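**Student:** Can you keep this structure in mind? I'll have questions shortly.
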Amino acid sequence: MTEPITRRQLIGRTALLPALAIPACGGDEPVARPPGVPVGSFGADSTAEQVTASLDLSGQTAVVTGANSGLGYETMRVLALRGAHVIGTARTAAKAAAACSSVAGNTTPAVLELSDLASVAACVAGIRQSGAAIDMLICNAGIMALPELQQVNGIERQFFVNHLGHFAFATGLIEQVRAAGSGRIVMLSSSGHQWAPEAGIEFDNLSGERDYDPNRMYGQSKLANGLFAFELARRLAGTGVTANAVHPGVIMTNLGRHFSEWKQVLARLIGWTFMKSVEAGAATQCYVATSPALAGVSGYYFADCNPLLPSAQMQDAALAAKLWAVSEELTGEPVSI
Ligand SMILES: NC(=O)c1ccc[n+]([C@@H]2O[C@H](COP(=O)([O-])OP(=O)(O)OC[C@H]3O[C@@H](n4cnc5c(N)ncnc54)[C@H](OP(=O)(O)O)[C@@H]3O)[C@@H](O)[C@H]2O)c1
């Protein structure tokens with residue numbers, strides 16, 4: 001099924017997004033949707049409040065990583081507004097507490113530093129100890145386009161933080177998600193997954209030392225987020241738990257903090273022509289985490305609150321399986337899912 005591109009996509013693709021090296025949604029082709037996945041009435045301009053307006057999430061628990069900033073903060077705010085108990089993670093206790101206390105509703109702060117596997121393990125242990133079943137696990141935290149190569153445990157930092165940290169976190173919490181019966185895992189990917197290297201994941205260059213490019217390495221990490229979601233979906237088929245990946249749109253948040261000065265100025269000047277508000281940027285992840293229309297829908301990629309076909313690389317089952325095996329090795333423990 002194909003649809004014409006929107007004015008925002010047209011503007012973005014023709015000039016502005018490439019100038020900023022910001023990924024547009026989809027390629028230059030008309031939107032291609034996977035068959036069999038419900039297409040709803042929400043779209044690029046829908047907000048997180050709108051897509052959850054009819055829902056009462058009382059009695060449900062959500063975990064949102066990176067809840068102190070940008071899309072994660074808005075996601076926590078809106079899920080709590082709808083009655084969910086939200087465990088909001090941030091890199092420090094002070095950031096988590098400040099974010100949680102500034103939104104209305106039932107929230108619990110938690111510390112999660114994704115570049116530190118001991119911090120990931122401690123956060124997982126704390127959530128397990130609380131005994132909470134997790135209805136929504138939203139792996140949202142991320143970093144983008146570090147100008148120079150940085151490493152964590154010898155691994156390029158974007159791959160470590162965006163993918164490996166979340167791999168350890170989500171697999172560590174899988175029993176809590178299963179306990180919810182029909183828990184949903186939502187991985188924040190990006191249309192920037194199309195910037196990934198030709199190999200998809202450069203398993204022979206995970207250190208980034210052979211050849212480092214800020215956007216390509218971001219693309220690789222966001223491709224990994226999508227492949228992880230799809231491999232989770234495959235492994236969890238029949239359990240009631242679903243896993244999907246989302247592209248939130250292009251939104252002015254702190255994510256662009258590593259962009260050069262001129263790109264940041266350009267984004268502030270012209271961003272209004274193609275960027276979403278934070279309220280709309282958080283909509284797709286909130287929609288995929290909560291919409292009754294998506295009950296049981298697993299293993300898909302969503303943008304603008306609707307399913308979209310990702311790149312062929314993100315649909316590569318062999319690549320997803322290899323990424324899983326390598327991620328198990330790098331995070332230290334085999335995962336039985
Ligand atoms: N904004 C966009 O246009 C866009 C487009 C496509 C995809 N995305 C994805 O959307 C997600 C949210 O991004 P955003 O735009 O909301 O960015 P943001 O405002 O920069 O928020 C990112 C969050 O991740 C946290 N984080 C960064 N490094 C971390 C680490 N090592 N351990 C734990 N948490 C860490 C940040 O904490 P601190 O505040 O302490 O640094 C912050 O809470 C990301 O996964 C991003 O890739 C965004």
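Quick note on naming: the chains in the structure tokens go A, B, ... in the order shown, residues restart at 1 in each chain, and ligands are numbered from 1 in order of appearance.
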As a PyMOL selection string, please: every protein or nucleic acid residue near ligand 1 (cut-off 6 Å, counting only C-alpha atoms and all ligand atoms).
**Tutor:** chain A and resi 66-72+90-91+112-115+140-143+161+188-190+247-255
**Student:** Excluding same-chain residues fewer than 4 positions from Val37 of chain A, what lies within 9 Å of it counting only C-alpha atoms, as an MDAnalysis selection string?
**Tutor:** chainID A and resid 33 294 297 300 306:307
**Student:** Neighbouring residues of Ser327 of chain A were defined as those with any atom within 8 Å, considering only C-alpha atoms; residues of the same chain fewer than 3 positions away were excluded. Please report them as a tab-separated table (two decimals) with C-alpha atoms, in the first residue's frame.
**Tutor:**
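Output below, filename around-v9.tsv:
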chain	number	residue	atom	x	y	z
A	164	LEU	CA	24.02	-2.67	24.29
A	167	PHE	CA	19.86	-4.89	25.36
A	323	LEU	CA	23.41	-9.07	16.63
A	324	TRP	CA	21.66	-10.89	19.47
A	330	LEU	CA	29.49	-8.20	24.89
A	331	THR	CA	27.12	-7.75	27.82
**Student:** Extract, using only C-alpha atoms, all DNA, RNA and protein residues at most 7 Å from Glu156 of chain A, discarding same-chain residues fewer than 4 positions from it, and format them as a JSON list (two decimals) with N, CA and C atoms, in the first residue's frame.
**Tutor:**
[["chain", "number", "residue", "atom", "x", "y", "z"],
["A", 149, "LEU", "N", 35.36, 9.91, 18.01],
["A", 149, "LEU", "CA", 35.18, 8.55, 18.54],
["A", 149, "LEU", "C", 35.34, 8.53, 20.06],
["A", 150, "GLN", "N", 34.34, 8.00, 20.73],
["A", 150, "GLN", "CA", 34.45, 7.71, 22.17],
["A", 150, "GLN", "C", 34.09, 6.25, 22.36],
["A", 151, "GLN", "N", 34.71, 5.63, 23.34],
["A", 151, "GLN", "CA", 34.45, 4.21, 23.56],
["A", 151, "GLN", "C", 34.01, 3.92, 24.99],
["A", 152, "VAL", "N", 33.27, 2.83, 25.12],
["A", 152, "VAL", "CA", 32.92, 2.28, 26.44],
["A", 152, "VAL", "C", 33.33, 0.81, 26.40],
["A", 160, "PHE", "N", 27.13, 1.33, 22.20],
["A", 160, "PHE", "CA", 27.04, 0.82, 23.57],
["A", 160, "PHE", "C", 25.81, 1.40, 24.27],
["A", 206, "LEU", "N", 33.22, -2.75, 15.75],
["A", 206, "LEU", "CA", 32.36, -2.23, 16.83],
["A", 206, "LEU", "C", 33.13, -1.27, 17.74],
["A", 207, "SER", "N", 34.45, -1.34, 17.69],
["A", 207, "SER", "CA", 35.26, -0.37, 18.44],
["A", 207, "SER", "C", 35.19, 1.00, 17.78],
["A", 208, "GLY", "N", 34.84, 1.03, 16.49],
["A", 208, "GLY", "CA", 34.81, 2.28, 15.73],
["A", 208, "GLY", "C", 36.19, 2.75, 15.30]]
**Student:** Going by DSSP on the backbone, which bits of segment 87-306 of chain A are strand (DSSP E or B)? Write them as a PyMOL selection string, please.
**Tutor:** chain A and resi 87-90+107-111+136-139+151-152+155-156+184-188+242-247+251+276+301-303+306
**Student:** Quick one: write out the picked residues with C-alpha atoms as a short mmCIF file (atom, residue, chain, number, x, y, z; two decimals), in the first residue's frame?
**Tutor:**
data_model
loop_
_atom_site.label_atom_id
_atom_site.label_comp_id
_atom_site.auth_asym_id
_atom_site.auth_seq_id
_atom_site.Cartn_x
_atom_site.Cartn_y
_atom_site.Cartn_z
CA ILE A 87 9.23 4.41 36.56
CA GLY A 88 11.30 7.16 34.97
CA THR A 89 15.03 6.62 34.60
CA ALA A 90 17.80 9.18 34.32
CA THR A 107 6.00 8.27 39.17
CA THR A 108 9.08 6.61 40.63
CA PRO A 109 12.59 7.82 39.83
CA ALA A 110 15.35 5.32 39.06
CA VAL A 111 19.02 5.69 38.15
CA MET A 136 5.12 -0.89 28.92
CA LEU A 137 8.90 -0.90 28.62
CA ILE A 138 9.92 2.12 26.56
CA CYS A 139 13.63 2.11 25.70
CA GLN A 151 34.45 4.21 23.56
CA VAL A 152 32.92 2.28 26.44
CA ILE A 155 33.05 -0.37 22.04
CA GLU A 156 31.97 2.77 20.15
CA ARG A 184 4.71 -4.12 25.30
CA ILE A 185 8.34 -3.31 24.58
CA VAL A 186 8.94 -0.19 22.51
CA MET A 187 12.42 0.52 21.16
CA LEU A 188 13.27 4.03 20.00
CA THR A 242 5.04 -7.62 21.92
CA ALA A 243 8.11 -5.70 20.74
CA ASN A 244 8.13 -2.95 18.14
CA ALA A 245 10.46 -0.17 16.99
CA VAL A 246 9.54 3.45 16.34
CA HIS A 247 10.84 6.52 14.55
CA ILE A 251 12.18 17.03 16.89
CA LYS A 276 7.60 18.17 15.08
CA TYR A 301 8.37 -0.37 12.75
CA PHE A 302 6.17 2.67 13.26
CA ALA A 303 6.43 6.34 12.32
CA ASN A 306 1.40 4.17 11.85
#
**Student:** Write down as JSON, numbers by chain the residues of segment 112-148 of chain A whose backbone DSSP state falls under alpha helix (DSSP H).
**Tutor:** {"A": [117, 118, 119, 120, 121, 122, 123, 124, 125, 126, 127, 128, 129, 130]}
**Student:** Would you save the residues of that selection, restricted to N, CA and C atoms, as a tab-separated table (two decimals), in the first residue's frame?
**Tutor:**
chain	number	residue	atom	x	y	z
A	117	LEU	N	27.43	-1.18	32.71
A	117	LEU	CA	26.60	-2.38	32.89
A	117	LEU	C	26.28	-2.66	34.35
A	118	ALA	N	27.12	-2.17	35.26
A	118	ALA	CA	26.81	-2.33	36.69
A	118	ALA	C	25.61	-1.48	37.06
A	119	SER	N	25.52	-0.28	36.48
A	119	SER	CA	24.36	0.58	36.72
A	119	SER	C	23.10	-0.06	36.13
A	120	VAL	N	23.24	-0.63	34.94
A	120	VAL	CA	22.09	-1.30	34.31
A	120	VAL	C	21.61	-2.44	35.21
A	121	ALA	N	22.57	-3.23	35.70
A	121	ALA	CA	22.21	-4.38	36.55
A	121	ALA	C	21.55	-3.90	37.84
A	122	ALA	N	22.04	-2.81	38.41
A	122	ALA	CA	21.47	-2.30	39.66
A	122	ALA	C	20.05	-1.79	39.42
A	123	CYS	N	19.84	-1.13	38.30
A	123	CYS	CA	18.49	-0.61	38.00
A	123	CYS	C	17.52	-1.78	37.77
A	124	VAL	N	17.99	-2.78	37.02
A	124	VAL	CA	17.16	-3.97	36.79
A	124	VAL	C	16.81	-4.62	38.13
A	125	ALA	N	17.81	-4.76	39.00
A	125	ALA	CA	17.58	-5.41	40.30
A	125	ALA	C	16.56	-4.63	41.13
A	126	GLY	N	16.67	-3.30	41.10
A	126	GLY	CA	15.75	-2.47	41.87
A	126	GLY	C	14.31	-2.63	41.37
A	127	ILE	N	14.15	-2.66	40.06
A	127	ILE	CA	12.78	-2.79	39.50
A	127	ILE	C	12.25	-4.20	39.79
A	128	ARG	N	13.12	-5.20	39.65
A	128	ARG	CA	12.68	-6.57	39.97
A	128	ARG	C	12.23	-6.67	41.42
A	129	GLN	N	13.03	-6.07	42.29
A	129	GLN	CA	12.71	-6.13	43.73
A	129	GLN	C	11.38	-5.49	44.06
A	130	SER	N	11.04	-4.47	43.30
A	130	SER	CA	9.77	-3.77	43.56
A	130	SER	C	8.59	-4.69	43.27
**Student:** Using only C-alpha atoms, which protein or nucleic acid residues come within 12 Å of Leu55 of chain A? Drop anything in the same chain fewer than 6 positions from it, and give the result as a list in words.
**Tutor:**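 Everything that qualifies: Ala48, Glu49, Val78, Leu79, Ala80, Leu81, Arg82, Gly83, Ala84, Cys286, Tyr287, Ala289, Thr290, Ser291, Pro292 and Ala293 of chain A.
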**Student:** Report as a ChimeraX atom specification all protein, DNA and RNA residues lying within 6 Å of Thr47 of chain A, evaluated on only C-alpha atoms, omitting residues in the same chain fewer than 3 positions from it.
**Tutor:** /A:50,279-280,283
**Student:** Kindly indicate which residue among A:Ala62, A:Ala99, A:Ala145, A:Ala317 lies nearest to Ser260 of chain A, using only C-alpha atoms for the distances.
**Tutor:**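 Of all the options, A:Ala145 lies closest to Ser260 of chain A.
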**Student:** May I ask which of the residues A:Pro334, A:Gly40, A:Gly183, A:Pro35 is the closest one to Cys305 of chain A, counting only C-alpha atoms?
**Tutor:**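 Among the listed residues, the smallest separation from Cys305 of chain A belongs to A:Gly40.
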**Student:** So which residues touch Phe259 of chain A within 12 Å, counting only C-alpha atoms, skipping near sequence neighbours fewer than 4 positions away, as a list in words?
**Tutor:** Leu20, Ala21, Ile22, Ile143, Met144, Ala145, Leu146, Pro147, Glu148, Pro214, Asn215, Met252, Thr253, Asn254, Leu255, Lys263, Gln264, Val265, Leu266 and Ala267 of chain A
**Student:** Restricting the calculation to only C-alpha atoms, which member of A:Gly256, A:Gly240, A:Pro310, A:Gly299 is positioned closest to Asp135 of chain A?
**Tutor:**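 Among A:Gly256, A:Gly240, A:Pro310, A:Gly299, it is A:Gly240 that comes nearest to Asp135 of chain A.
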**Student:** Grab the atom CA of Glu328 of chain A to atom CA of Ala168 of chain A distance for me, in Å with one decimal place.
**Tutor:** 8.3 Å
**Student:** Using only C-alpha atoms, which of A:Leu227, A:Ile337, A:Ala237, A:Met275 sits nearest Asp316 of chain A?
**Tutor:**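 Result for the nearest residue to Asp316 of chain A: A:Leu227.
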**Student:** Mind pulling up the distance from atom CA of Leu236 of chain A to atom CA of Ser336 of chain A?
**Tutor:**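 Computed distance, atom CA of Ser336 of chain A to atom CA of Leu236 of chain A, equals 10.8 Å.
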**Student:** Between A:Thr52, A:Ser182, A:Thr65, A:Ser58, which residue has the minimum interatomic distance to Gly238 of chain A, considering only C-alpha atoms?
**Tutor:**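 Selected residue with least distance to Gly238 of chain A: A:Ser182.
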